[in-house]
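Heads up: the structure comes next, in structure tokens.
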Amino acid sequence: MTRSEALKIRKLIEKASAALGDADASEAPLLFPRWRSGEGYDVGNRVCHNGELYKCIMTHVSQSDWEPQMAPSLFVKVADPMAEYPEWVRPAGAHDAYEKGAKVSHNGKKWISTADVNVWEPGVSGWEEVQDE
């Protein structure tokens, strides 16, 4: 296979992966384009960075110091929906805040949100620690 053929196949894979829902997409982050500095991203675009899948939540042109894991106002990590207590991700605002009853893990503990539109870090406010079930 030539490099040109491989690039064509890669573009088809990326185009097809865009139709996947977050649940399926989270199982195959490498199907998505790699995050790149200097690239324009629109809300909803998904990218792979360091083997993790992220979704753009604010239209922007990326910069080298705005890597997805370091820019919570621009990207949110697409969590495995099958995980009962996915890792807590700091919300950027009300648009990605946790709802009452949401379950997360943080600092080795499990938490349940006790507030709607919860943007607090577990252990600070708005969360109840889950004792061994």
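Each chain in the structure tokens gets a letter, A, B, ..., in the order shown, and its residues are numbered from 1; ligands are numbered from 1 in order too.
Secondary structure by DSSP on the backbone puts the following residues of chain A in strand (DSSP E): Gly40, Tyr41, Arg46, Val47, Cys48, His49, Glu52, Leu53, Tyr54, Lys55, Cys56, His60, Val61, Phe75, Val76, Lys77, Lys103, Val104, Ser105, His106, Lys109, Lys110, Trp111, Ile112, Ser113, Trp127, Glu128, Glu129 and Val130 of chain A.
By chain and then residue number, the residues within 7 Å of region 125-127 of chain A are Trp111, Ile112, Ser113, Thr114, Ala115, Asn118, Trp120, Glu121 and Pro122 of chain A, counting only C-alpha atoms and disregarding those fewer than 3 positions away in sequence.
Residues of chain A carrying a DSSP assignment of helix (DSSP H, G or I), computed from the backbone, are Arg3, Ser4, Glu5, Ala6, Leu7, Lys8, Ile9, Arg10, Lys11, Leu12, Ile13, Glu14, Lys15, Ala16, Ser17, Asp22, Ala23, Asp24, Ala25, Pro29, Leu30, Leu31, Pro68, Gln69, Met70, Ala94, His95 and Asp96 of chain A.
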Once you count only C-alpha atoms, what closest atom pair and distance in Å to one decimal does each residue of region 2-31 of chain A within 7 Å of region 47-65 of chain A have, with rows by chain and rising residue number, as a Markdown table?
```
| residue | atom | partner | partner_atom | distance |
| --- | --- | --- | --- | --- |
| A:Ser26 | CA | A:Leu53 | CA | 6.3 |
| A:Pro29 | CA | A:Leu53 | CA | 5.0 |
| A:Leu30 | CA | A:Cys48 | CA | 6.1 |
```
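Candidate residues A:Glu99, A:Pro72, A:Leu31, A:His106 were compared for distance to Pro86 (chain A), and the nearest is A:His106, using only C-alpha atoms.
Distances here use only C-alpha atoms; by that measure, the residue among A:Ala16, A:Ala92, A:Ala6, A:Ala97 closest to Leu74 (chain A) is A:Ala92.
Using only C-alpha atoms, the shortest contact distance between Asp24 (chain A) and any of A:Ala79, A:Glu128, A:Asp96, A:Glu87 is found at A:Ala79.
You will find CA of Gly44 (chain A) at 18.5 Å from CA of Tyr98 (chain A).
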